[in-house]
Each structure stands twice: as structure tokens, then as C-alpha cells.
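Here is the file entry.txt (compact mmCIF, C-alpha atoms and all ligand atoms).
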# COMPACT_ATOMS: atom_id res chain seq x y z
CA MET A 1245 -32.69 -63.52 45.52
CA GLU A 1246 -35.76 -62.40 43.56
CA LYS A 1247 -34.01 -63.21 40.30
CA ILE A 1248 -33.09 -66.67 41.55
CA TRP A 1249 -36.70 -67.18 42.59
CA ASP A 1250 -37.94 -66.01 39.17
CA ASN A 1251 -35.47 -68.29 37.37
CA LYS A 1252 -36.68 -71.22 39.49
CA ILE A 1253 -33.15 -72.64 39.36
CA LEU A 1254 -31.56 -72.81 42.81
CA THR A 1255 -28.46 -74.89 42.02
CA ASN A 1256 -26.97 -77.42 39.52
CA GLY A 1257 -25.08 -75.00 37.30
CA GLY A 1258 -27.77 -72.32 36.95
CA PRO A 1259 -27.40 -68.91 35.26
CA PHE A 1260 -25.59 -67.17 38.17
CA HIS A 1261 -23.17 -70.09 38.44
CA GLN A 1262 -22.37 -69.79 34.72
CA GLN A 1263 -22.03 -66.01 34.93
CA LEU A 1264 -19.65 -66.20 37.89
CA GLU A 1265 -17.45 -68.80 36.18
CA GLN A 1266 -17.10 -66.53 33.15
CA ALA A 1267 -16.62 -63.36 35.23
CA LEU A 1268 -13.83 -65.05 37.22
CA CYS A 1269 -12.09 -66.26 34.03
CA ASP A 1270 -12.12 -62.67 32.78
CA TYR A 1271 -11.07 -61.09 36.08
CA LEU A 1272 -8.33 -63.56 36.93
CA GLY A 1273 -6.99 -64.10 33.42
CA VAL A 1274 -7.43 -67.88 33.40
CA ASN A 1275 -8.93 -70.26 30.83
CA HIS A 1276 -11.48 -72.28 32.79
CA VAL A 1277 -12.99 -72.07 36.27
CA ALA A 1278 -15.04 -74.85 37.89
CA LEU A 1279 -16.90 -73.49 40.93
CA PHE A 1280 -17.16 -75.56 44.12
CA SER A 1281 -19.07 -75.37 47.38
CA ASN A 1282 -15.71 -74.98 49.20
CA ALA A 1283 -12.00 -75.35 48.49
CA THR A 1284 -11.58 -78.51 50.57
CA LEU A 1285 -13.93 -80.43 48.27
CA ALA A 1286 -12.17 -78.81 45.31
CA LEU A 1287 -8.80 -80.14 46.55
CA ILE A 1288 -10.26 -83.62 47.09
CA THR A 1289 -11.81 -83.56 43.60
CA ALA A 1290 -8.63 -82.24 41.92
CA LEU A 1291 -6.73 -85.27 43.25
CA GLN A 1292 -9.48 -87.56 41.93
CA ALA A 1293 -9.53 -85.83 38.56
CA LEU A 1294 -5.81 -86.45 38.05
CA ARG A 1295 -6.05 -89.98 39.53
CA VAL A 1296 -3.34 -89.16 42.07
CA THR A 1297 -2.43 -92.13 44.32
CA GLY A 1298 0.40 -93.34 46.58
CA GLU A 1299 2.48 -90.51 48.06
CA VAL A 1300 2.23 -86.76 47.56
CA ILE A 1301 4.90 -84.26 48.61
CA THR A 1302 3.41 -81.31 50.48
CA THR A 1303 4.08 -78.61 53.06
CA PRO A 1304 3.39 -78.81 56.81
CA TYR A 1305 3.01 -75.01 56.92
CA SER A 1306 -0.60 -74.64 55.78
CA PHE A 1307 -4.19 -75.02 56.85
CA VAL A 1308 -5.11 -78.63 57.66
CA ALA A 1309 -7.36 -78.94 54.60
CA THR A 1310 -4.27 -79.25 52.36
CA SER A 1311 -3.19 -82.57 53.92
CA HIS A 1312 -6.70 -83.68 54.82
CA SER A 1313 -7.57 -83.72 51.10
CA LEU A 1314 -4.81 -86.31 50.67
CA LEU A 1315 -6.03 -88.52 53.52
CA TRP A 1316 -9.60 -88.38 52.13
CA ASN A 1317 -8.16 -89.91 48.95
CA GLY A 1318 -6.15 -92.58 50.80
CA ILE A 1319 -2.89 -90.81 49.81
CA LYS A 1320 0.13 -90.57 52.12
CA PRO A 1321 1.36 -87.01 52.66
CA ILE A 1322 5.14 -86.57 52.67
CA PHE A 1323 6.10 -83.32 54.38
CA VAL A 1324 9.10 -81.26 53.30
CA ASP A 1325 10.45 -78.13 54.93
CA ILE A 1326 9.75 -74.56 53.84
CA ASP A 1327 11.85 -71.64 52.66
CA PRO A 1328 12.66 -69.15 55.48
CA ASP A 1329 11.91 -66.11 53.30
CA THR A 1330 8.70 -67.09 51.51
CA PHE A 1331 7.30 -69.70 53.96
CA ASN A 1332 6.54 -71.84 50.88
CA MET A 1333 7.73 -75.37 50.17
CA ASP A 1334 11.50 -75.35 49.63
CA PRO A 1335 12.09 -76.86 46.15
CA ALA A 1336 15.60 -77.95 47.22
CA LYS A 1337 13.99 -80.38 49.69
CA ILE A 1338 11.63 -82.05 47.19
CA GLU A 1339 13.96 -84.41 45.32
CA THR A 1340 15.16 -86.37 48.35
CA ALA A 1341 11.52 -86.96 49.37
CA ILE A 1342 10.62 -88.66 46.07
CA THR A 1343 10.09 -92.44 46.18
CA PRO A 1344 8.68 -94.91 43.60
CA GLN A 1345 5.25 -94.24 45.17
CA THR A 1346 5.34 -90.48 44.60
CA THR A 1347 2.81 -89.32 42.02
CA ALA A 1348 2.37 -85.60 42.71
CA ILE A 1349 3.51 -82.45 44.50
CA MET A 1350 0.97 -80.29 46.36
CA PRO A 1351 2.54 -76.93 47.27
CA VAL A 1352 0.71 -73.95 48.79
CA HIS A 1353 1.13 -70.30 47.73
CA CYS A 1354 1.21 -69.41 51.40
CA TYR A 1355 -0.36 -66.00 52.25
CA GLY A 1356 -0.64 -65.45 48.47
CA THR A 1357 3.16 -65.42 47.96
CA PRO A 1358 3.88 -67.40 44.79
CA CYS A 1359 5.90 -70.59 45.14
CA ASP A 1360 9.07 -71.11 43.13
CA VAL A 1361 6.90 -72.46 40.32
CA GLU A 1362 9.72 -72.92 37.83
CA ALA A 1363 11.86 -75.04 40.13
CA ILE A 1364 8.84 -77.13 41.16
CA GLN A 1365 7.76 -77.72 37.55
CA LYS A 1366 11.30 -78.75 36.56
CA ILE A 1367 11.34 -81.45 39.24
CA ALA A 1368 7.81 -82.55 38.29
CA ASP A 1369 8.81 -82.85 34.63
CA ASN A 1370 11.97 -84.80 35.44
CA TYR A 1371 10.12 -87.33 37.61
CA ASN A 1372 6.79 -87.28 35.71
CA LEU A 1373 4.83 -85.96 38.69
CA ARG A 1374 1.60 -83.96 38.75
CA VAL A 1375 1.54 -80.53 40.41
CA ILE A 1376 -1.62 -79.40 42.20
CA TYR A 1377 -1.36 -75.96 43.78
CA ASP A 1378 -3.34 -75.20 46.89
CA ALA A 1379 -3.85 -71.57 45.87
CA ALA A 1380 -6.51 -70.93 48.54
CA HIS A 1381 -4.78 -67.63 49.46
CA ALA A 1382 -3.78 -66.54 45.96
CA PHE A 1383 -6.87 -64.92 44.43
CA GLY A 1384 -5.78 -62.14 42.04
CA VAL A 1385 -2.03 -62.69 42.56
CA GLN A 1386 0.15 -62.26 39.49
CA ASP A 1387 3.76 -63.08 38.75
CA LYS A 1388 5.73 -62.11 35.66
CA SER A 1389 3.76 -64.55 33.49
CA GLY A 1390 0.28 -63.38 34.62
CA SER A 1391 -2.08 -65.12 37.02
CA VAL A 1392 -0.24 -67.38 39.44
CA LEU A 1393 -3.24 -69.71 39.13
CA ASN A 1394 -2.11 -70.84 35.67
CA HIS A 1395 0.85 -72.86 37.00
CA GLY A 1396 0.90 -76.61 37.55
CA ASP A 1397 -1.75 -79.09 36.40
CA LEU A 1398 -4.54 -77.59 38.50
CA SER A 1399 -4.90 -74.79 41.08
CA ILE A 1400 -7.49 -74.54 43.82
CA VAL A 1401 -8.76 -71.24 45.25
CA SER A 1402 -10.93 -70.72 48.33
CA PHE A 1403 -13.86 -68.30 48.48
CA HIS A 1404 -14.42 -68.82 52.20
CA ALA A 1405 -15.72 -65.83 54.17
CA THR A 1406 -12.21 -65.07 55.47
CA LYS A 1407 -10.66 -64.82 52.01
CA VAL A 1408 -9.86 -61.79 49.80
CA PHE A 1409 -12.79 -62.65 47.53
CA ASN A 1410 -15.61 -64.69 49.03
CA THR A 1411 -18.94 -66.31 48.26
CA PHE A 1412 -19.54 -66.89 52.03
CA GLU A 1413 -18.52 -70.54 51.45
CA GLY A 1414 -17.03 -71.55 48.13
CA GLY A 1415 -14.02 -72.37 46.04
CA ALA A 1416 -12.89 -73.26 42.54
CA ILE A 1417 -10.54 -75.36 40.47
CA ILE A 1418 -8.66 -73.46 37.78
CA CYS A 1419 -8.36 -75.79 34.80
CA PRO A 1420 -6.01 -75.34 31.84
CA ASP A 1421 -8.35 -76.81 29.20
CA ALA A 1422 -11.99 -77.60 28.47
CA LYS A 1423 -11.43 -81.36 28.78
CA SER A 1424 -10.19 -81.21 32.37
CA LYS A 1425 -12.98 -78.79 33.31
CA GLN A 1426 -15.52 -81.20 31.88
CA ARG A 1427 -14.16 -84.10 33.92
CA ILE A 1428 -14.10 -81.95 37.04
CA ASP A 1429 -17.67 -80.76 36.39
CA HIS A 1430 -18.76 -84.40 36.25
CA LEU A 1431 -16.89 -85.27 39.44
CA LYS A 1432 -18.46 -82.42 41.43
CA ASN A 1433 -21.93 -83.65 40.40
CA PHE A 1434 -21.82 -87.30 41.55
CA GLY A 1435 -20.10 -88.33 38.29
CA PHE A 1436 -23.22 -87.63 36.18
CA VAL A 1437 -22.63 -86.96 32.49
CA ASP A 1438 -26.33 -87.03 31.62
CA GLU A 1439 -29.51 -88.26 33.29
CA VAL A 1440 -28.62 -91.92 32.89
CA THR A 1441 -24.81 -91.99 32.72
CA VAL A 1442 -22.51 -91.95 35.74
CA VAL A 1443 -18.81 -92.17 34.82
CA ALA A 1444 -17.06 -91.90 38.20
CA PRO A 1445 -17.78 -92.07 41.94
CA GLY A 1446 -18.17 -88.30 42.08
CA ILE A 1447 -19.22 -86.21 45.03
CA ASN A 1448 -21.71 -83.37 45.55
CA ALA A 1449 -19.55 -80.24 45.60
CA LYS A 1450 -21.66 -77.86 43.53
CA MET A 1451 -21.92 -74.16 44.34
CA SER A 1452 -25.53 -72.99 44.78
CA GLU A 1453 -27.07 -70.06 42.92
CA ILE A 1454 -27.20 -67.87 46.02
CA ASN A 1455 -23.46 -68.27 46.65
CA ALA A 1456 -22.72 -67.57 42.98
CA ALA A 1457 -24.89 -64.44 43.10
CA PHE A 1458 -23.05 -63.24 46.24
CA GLY A 1459 -19.82 -63.78 44.31
CA LEU A 1460 -20.98 -61.64 41.39
CA VAL A 1461 -21.90 -58.83 43.80
CA GLN A 1462 -18.57 -59.05 45.64
CA LEU A 1463 -16.59 -59.07 42.41
CA LYS A 1464 -17.82 -55.51 41.74
CA HIS A 1465 -15.94 -54.32 44.83
CA ILE A 1466 -12.80 -56.45 44.58
CA ASP A 1467 -10.43 -53.82 43.18
CA GLN A 1468 -11.42 -51.38 45.91
CA ALA A 1469 -10.98 -54.10 48.54
CA LEU A 1470 -7.52 -55.02 47.24
CA LYS A 1471 -6.50 -51.34 47.19
CA ARG A 1472 -7.52 -50.89 50.83
CA ARG A 1473 -5.65 -54.07 51.83
CA ALA A 1474 -2.52 -52.71 50.15
CA GLU A 1475 -2.81 -49.46 52.15
CA ILE A 1476 -3.20 -51.33 55.43
CA ALA A 1477 -0.24 -53.59 54.64
CA ALA A 1478 1.96 -50.61 53.70
CA ARG A 1479 1.15 -48.90 57.01
CA TYR A 1480 1.92 -52.00 59.09
CA GLN A 1481 5.18 -52.37 57.20
CA LEU A 1482 6.12 -48.74 57.78
CA GLU A 1483 5.24 -48.60 61.46
CA LEU A 1484 6.34 -52.04 62.62
CA SER A 1485 9.41 -53.00 60.62
CA ASP A 1486 11.80 -50.87 62.71
CA LEU A 1487 10.82 -52.66 65.94
CA THR A 1488 13.48 -54.88 67.48
CA GLY A 1489 12.34 -58.49 67.53
CA ILE A 1490 9.67 -58.08 64.83
CA ARG A 1491 10.15 -59.17 61.22
CA CYS A 1492 7.62 -58.55 58.44
CA LEU A 1493 7.42 -60.95 55.49
CA ASN A 1494 8.78 -59.27 52.37
CA ALA A 1495 7.46 -61.18 49.40
CA VAL A 1496 9.80 -61.05 46.44
CA ASP A 1497 8.97 -61.23 42.73
CA VAL A 1498 5.25 -60.60 43.05
CA VAL A 1499 3.89 -58.38 40.27
CA VAL A 1500 0.40 -58.05 41.84
CA LYS A 1501 -0.01 -58.96 45.52
CA ASN A 1502 -3.36 -59.49 47.23
CA HIS A 1503 -2.30 -58.77 50.85
CA SER A 1504 -4.56 -61.53 52.06
CA TYR A 1505 -2.60 -61.81 55.34
CA PHE A 1506 -0.09 -59.70 57.23
CA PRO A 1507 2.23 -62.14 59.02
CA ILE A 1508 4.92 -60.92 61.42
CA LEU A 1509 7.59 -63.01 63.13
CA ILE A 1510 8.28 -62.34 66.80
CA ASP A 1511 11.69 -63.47 68.01
CA GLU A 1512 13.60 -63.54 71.31
CA LYS A 1513 14.61 -59.89 71.01
CA TYR A 1514 11.00 -58.75 71.46
CA PRO A 1515 10.36 -58.37 75.22
CA ILE A 1516 7.43 -60.82 75.38
CA SER A 1517 6.77 -64.14 73.64
CA ARG A 1518 4.54 -64.57 70.60
CA ASP A 1519 1.88 -66.28 72.72
CA THR A 1520 1.92 -63.54 75.37
CA LEU A 1521 1.56 -60.90 72.67
CA TYR A 1522 -1.31 -62.89 71.12
CA SER A 1523 -3.12 -63.09 74.49
CA ARG A 1524 -2.52 -59.44 75.38
CA LEU A 1525 -3.84 -58.31 72.00
CA ARG A 1526 -6.89 -60.50 72.51
CA ASP A 1527 -7.44 -58.99 75.96
CA SER A 1528 -7.72 -55.61 74.27
CA ASN A 1529 -10.10 -57.02 71.61
CA VAL A 1530 -7.50 -57.33 68.86
CA TYR A 1531 -7.87 -60.71 67.21
CA SER A 1532 -4.61 -61.75 65.59
CA ARG A 1533 -4.17 -65.37 64.43
CA ARG A 1534 -1.36 -67.87 65.01
CA TYR A 1535 -1.51 -68.92 61.38
CA PHE A 1536 -0.03 -71.59 60.93
CA TYR A 1537 0.39 -73.05 64.39
CA PRO A 1538 0.46 -75.93 65.18
CA LEU A 1539 2.03 -77.29 62.01
CA ILE A 1540 -0.17 -79.78 60.15
CA SER A 1541 2.51 -82.41 60.79
CA ASN A 1542 1.96 -82.06 64.55
CA PHE A 1543 -1.71 -83.09 64.46
CA PRO A 1544 -2.44 -86.65 65.65
CA MET A 1545 -3.36 -88.07 62.23
CA TYR A 1546 0.02 -86.99 60.79
CA ARG A 1547 2.61 -86.93 63.58
CA GLY A 1548 3.45 -90.64 63.31
CA LEU A 1549 4.75 -90.21 59.76
CA PRO A 1550 8.57 -90.18 59.48
CA SER A 1551 8.39 -86.97 57.39
CA ALA A 1552 6.42 -85.28 60.21
CA GLU A 1553 9.37 -85.51 62.62
CA PRO A 1554 10.01 -81.87 63.77
CA SER A 1555 13.80 -82.29 63.43
CA ARG A 1556 13.25 -82.78 59.69
CA LEU A 1557 11.19 -79.58 59.49
CA PRO A 1558 13.33 -77.05 61.37
CA VAL A 1559 12.33 -73.94 59.39
CA ALA A 1560 8.58 -74.64 59.48
CA THR A 1561 8.81 -75.48 63.20
CA GLU A 1562 10.59 -72.23 63.99
CA ILE A 1563 8.32 -70.01 61.91
CA SER A 1564 5.22 -71.65 63.31
CA ARG A 1565 6.44 -70.75 66.83
CA LYS A 1566 7.10 -67.11 65.89
CA VAL A 1567 4.32 -66.16 63.51
CA LEU A 1568 1.33 -63.93 64.16
CA CYS A 1569 -1.06 -62.71 61.45
CA LEU A 1570 -2.35 -59.21 62.16
CA PRO A 1571 -5.90 -58.04 61.38
CA ILE A 1572 -6.19 -57.02 57.73
CA TYR A 1573 -9.51 -56.51 55.95
CA PRO A 1574 -10.92 -53.69 53.82
CA ALA A 1575 -13.22 -52.33 56.55
CA LEU A 1576 -10.39 -52.00 59.11
CA SER A 1577 -10.43 -48.29 60.01
CA ASP A 1578 -7.31 -46.17 60.44
CA ASP A 1579 -8.19 -45.78 64.12
CA ASP A 1580 -8.49 -49.50 64.67
CA GLN A 1581 -5.21 -50.12 62.86
CA SER A 1582 -3.59 -47.49 65.11
CA ARG A 1583 -4.80 -49.47 68.14
CA VAL A 1584 -3.13 -52.63 66.80
CA ILE A 1585 0.13 -50.83 65.98
CA ASP A 1586 0.20 -48.91 69.27
CA ALA A 1587 -0.33 -52.08 71.28
CA ILE A 1588 2.57 -53.84 69.55
CA ARG A 1589 4.87 -50.81 69.85
CA ARG A 1590 3.92 -50.20 73.49
CA MET A 1591 4.85 -53.73 74.48
CA ALA A 1592 8.14 -53.44 72.60
CA VAL A 1593 9.55 -50.96 75.13
C1 LIG B 1601 -4.24 -73.08 52.48
C2 LIG B 1601 -5.70 -73.46 52.57
N1 LIG B 1601 -6.15 -74.55 51.91
C3 LIG B 1601 -7.44 -74.92 51.95
C4 LIG B 1601 -8.37 -74.21 52.67
C5 LIG B 1601 -9.78 -74.70 52.72
O1 LIG B 1601 -10.67 -73.81 52.12
P1 LIG B 1601 -12.23 -73.91 52.40
O2 LIG B 1601 -12.48 -73.30 53.75
O3 LIG B 1601 -12.86 -73.08 51.29
O4 LIG B 1601 -12.63 -75.34 52.33
C6 LIG B 1601 -7.96 -73.06 53.37
C7 LIG B 1601 -8.84 -72.23 54.18
O5 LIG B 1601 -9.78 -72.06 54.57
C8 LIG B 1601 -6.59 -72.68 53.34
O6 LIG B 1601 -6.15 -71.62 54.03
Transcribe the structure of this file into C-alpha cells.
Amino acid sequence: MEKIWDNKILTNGGPFHQQLEQALCDYLGVNHVALFSNATLALITALQALRVTGEVITTPYSFVATSHSLLWNGIKPIFVDIDPDTFNMDPAKIETAITPQTTAIMPVHCYGTPCDVEAIQKIADNYNLRVIYDAAHAFGVQDKSGSVLNHGDLSIVSFHATKVFNTFEGGAIICPDAKSKQRIDHLKNFGFVDEVTVVAPGINAKMSEINAAFGLVQLKHIDQALKRRAEIAARYQLELSDLTGIRCLNAVDVVVKNHSYFPILIDEKYPISRDTLYSRLRDSNVYSRRYFYPLISNFPMYRGLPSAEPSRLPVATEISRKVLCLPIYPALSDDDQSRVIDAIRRMAV
């Protein structure tokens, strides 16, 4: 804070902002990073930057911000079902959802599990569609080609307090080239190019110097944090996967995972329902999350859409009824994790 005070630059692309953008490019292995005050504004801006209009194909199994960013741009979301193993958009469902109004696909790397990027890109190329990845959960994730954030036209990451890497509030757009970063930098600053030139109806979505400085501090600890998450995930996997009625998500083809969430599915064979387990855990001060329940497509601003009809989204509907994300964060102690595991095992008998 003293340095920020000495610099006398509190925001508007100051020195910490520039340092964090460069440090993230180096850490993540990406070409250009445009920092944002949060990922929701980054999603909204990404759609503006690519001039996306009409209809966009997306997933109902995500946080509401994914679809809200479409509504804020006057775009109609078209929901397609998800894959039962990855919980990501099922590429086999995309083609039948395409209409003459479709301009883009907005998939989510749910829980940091990479989407089937090759299949999605093939469809996008065939139909001349843009691909914008909501990669809010995918910080640090790598597939066989390197950072998963390099796929599609643009990827958006979230640095919200609950994420693997955070700036308290924050986010970024990963851009493939300097030209798209420049346009995005203009759009996040009201459309200003210089003091007297405004080229687009931009918004104010700039990250402040204090948030950027927090990011630089947190980046020093990220490898340690990811290592601890991996340990916690491995222990959950080991001690819960033999339980009848509990299924852990086994992400395939991920070279580097970030273990941002630990979702389990609770089915009829477990003695109590998902919601009863959720409440009982909460009664003993264990805060699991029903992430993602309800589905986005069930919220009032979406449920009237034909693509939001639950019978068209059977996999997402079922998973949303069964899922529970268990506590996972670097400071979770072994003792506290034992309490979570014991509670789930105890109720299983
Ligand atoms: C999938 C997804 N997209 C978008 C967002 C929005 O991010 P932010 O809170 O940084 O606006 C979140 C979460 O917070 C998310 O989980």
C-alpha cells in the first residue's frame, strides 16, 4: 500500500497492474492478459469485443454469470446438455442447436476440467462461429497443448475470493494477440483510446492497483496452494470413492489439474438424500455447496426459453440434483478434512 501511495497511481493501468499482467502471462503460459475488476464484466466485454449478437450456445450447468453476460448484451442463450463424465457442454448436442442466428459458442471448463476443445473448435470452424470460453475455474490448468486458456477466440478467468488464485475481486481476458488485447483494453476503459478519442461504448471494468498488488503477492504462493489442494483432493478420493452411493468426478486427459472444486454425486444408494446430507453437514459446521443447483436454465429469466425445458437437459438436471462440492482450500487442516470425511462415512452406514 505504501508503494501505491508513493507512486500516486491508484488505478487506470498503473505499475502493479502492468506487472501483474506480465507475471500472469509468464505463469500461465499465455500471450496476452487483460485484467478486469471481475470476471462477469470480462465476459460481457469479451462478447462486445467480438461483436457477438443473436444466439449463443451455452451450458445450463454453470454459475449464473455465464448466461447473464449474454442477457446484458441482448443475446439469446441457447442451452445444450452436458456430458455425464466431465459435466461440460456435450459437443454432440451443439450442432442441432445451431440456427441462422447463432454467432458463437460459450462453453465452461466446469470445475477446471477442460472441455472437448477440439470437437468444439471443429464445429465452430464449420459454421463460422466464435468460441468464448468461460474459464473462471481453470486457472493454471493444462492439457496436452499447454494452458487450456489458449483455446477458442478468448478465455475468461475469475480471480474472485473463492477461486484458486484471487485478487479479492478480479478477473481477466486471455487474448491471443496484441490487437485483440488493445481493443479489450479500450472497452474496459469506457472506449477511450486517448484523452479525446472514444471508439466504442465501453464500460468501466478496470482492476485497481490494490487488487493488482494483492494478486502479485498471492502469485508467490500459488504453487504451494495448488500442491495442498492436490493433497486434499487425493485424500477425499481415497477415503470416499469406495462408499456406496457416492461418485467422485474423475477428470480425464488433464495434464495439470488445479483441484478448484471437489464435486461428489450422491445417488439413491446412499442412505440419505443430497439435500439431507447438505443440511446435516451444515449443522455440524461443514459448509459444502450445491454447485450447480438450481441449473441456470431454471431461473425465472431463462426458464421460458424452449432450450431451458428440463426434458431437453436430462443429464444436467440429474447431476444438479445429485452434486455436492466438498470444502477444499489450502488452509483446510487434516483434522478438519477428517471431520468432513467421517461425517459422510458415518451417514453412509
Ligand atoms: C463459471 C463462472 N463464471 C463466471 C463467474 C463470475 O466471476 P466473478 O465473480 O469474478 O464475476 C463465476 C464465479 O464466480 C463462475 O463460477
Can you tell me, as an MDAnalysis selection string, what residues are no more than 9 Å from range 1439-1451 of chain A when counting all atoms listed in the file, ignoring any on the same chain fewer than 3 positions away?
chainID A and resid 1255:1257 1261 1279:1282 1285:1286 1289 1292 1413:1415 1429:1436 1454:1456
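The spacing separating CA of Tyr1546 in chain A from CA of Val1401 in chain A amounts to 23.8 Å.
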How would you write, as a ChimeraX atom specification, the set of residues no farther than 8 Å from ligand LIG 1601 (chain B) when counting all atoms listed in the file?
/A:1281-1287,1306-1310,1352-1354,1378-1381,1401-1404,1406-1407,1413-1415
Which residues are near Asn1275 in chain A? Cut-off 12 Å, only C-alpha atoms, ignore same chain within fewer than 2 positions. Put them as a PyMOL selection string.
chain A and resi 1265-1273+1277-1278+1391+1393-1395+1398-1399+1417-1425
Distance cut-off 8 Å, centre (-1.8, -58.6, 61.8) in file coordinates, counting all atoms listed in the file: which residues qualify? Return them as a ChimeraX atom specification.
/A:1505-1508,1532-1533,1568-1572,1584
When distances are computed from all atoms listed in the file, which of A:Trp1249, A:Tyr1305, A:Phe1260, A:Tyr1531 shows the smallest separation from Phe1458 in chain A?
A:Phe1260
Would you pick out the contacts of range 1322-1324 of chain A at 9 Å or less, using only C-alpha atoms, so that residues sharing its chain but fewer than 5 positions from it are not included, and give the list as a PyMOL selection string?
chain A and resi 1299-1304+1333-1335+1337-1338+1341-1342+1346+1541+1549-1552+1556-1557
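If only C-alpha atoms are the atoms counted, then among A:Ala1560, A:Ala1363, A:Leu1294, A:Ala1457 the closest residue to Lys1247 in chain A is A:Ala1457.
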Which centre and edge lengths in Å to one decimal define the box along x, y and z that fits every listed atom of range 1272-1277 of chain A plus 3 Å per side, as lines of an AutoDock Vina configuration file?
center_x = -10.0
center_y = -67.9
center_z = 33.9
size_x = 12.0
size_y = 14.7
size_z = 12.1
To one decimal place in Å, what is the distance between CA of Asp1438 in chain A and CA of Gln1262 in chain A?
18.0 Å
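Atom pair CA of Phe1383 in chain A / CA of Tyr1537 in chain A has a distance of 22.7 Å (rounded to one decimal).
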Considering all atoms listed in the file, state which residue in the set A:Arg1374, A:Ala1336, A:Ile1367, A:Ser1452 is at the smallest distance from Thr1297 in chain A.
A:Arg1374
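Distance check against Asp1325 in chain A using all atoms listed in the file: of A:Leu1254, A:Ile1490, A:Thr1340, A:Gln1263, the minimum falls on A:Thr1340.
Minimum distance to Asp1579 in chain A across A:Leu1521, A:Ala1592, A:Ile1476, A:Val1498 (counting only C-alpha atoms) occurs at A:Ile1476.
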Within 8 Å of range 1465-1470 of chain A, which residues of range 1502-1590 of chain A come that close, and what is the closest atom pair and distance in Å for each? Count all atoms listed in the file and give it as JSON lines.
{"residue": "A:Asn1502", "atom": "CA", "partner": "A:Leu1470", "partner_atom": "CA", "distance": 6.1}
{"residue": "A:His1503", "atom": "CA", "partner": "A:Leu1470", "partner_atom": "CA", "distance": 7.4}
{"residue": "A:Tyr1573", "atom": "CA", "partner": "A:Ala1469", "partner_atom": "CA", "distance": 7.9}
{"residue": "A:Pro1574", "atom": "CA", "partner": "A:Ala1469", "partner_atom": "CA", "distance": 5.3}
List the spatial neighbours of Asn1494 in chain A as a PyMOL selection string - criterion: any atom at most 12 Å away, all atoms listed in the file, same-chain residues fewer than 2 positions off excluded.
chain A and resi 1328-1331+1355-1357+1477-1478+1481+1485+1491-1492+1496-1498+1501+1503+1506-1509
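Among the candidates A:Asn1410, A:Ser1517, A:Ser1582, A:Thr1347, the one nearest to Tyr1371 in chain A when counting all atoms listed in the file is A:Thr1347.
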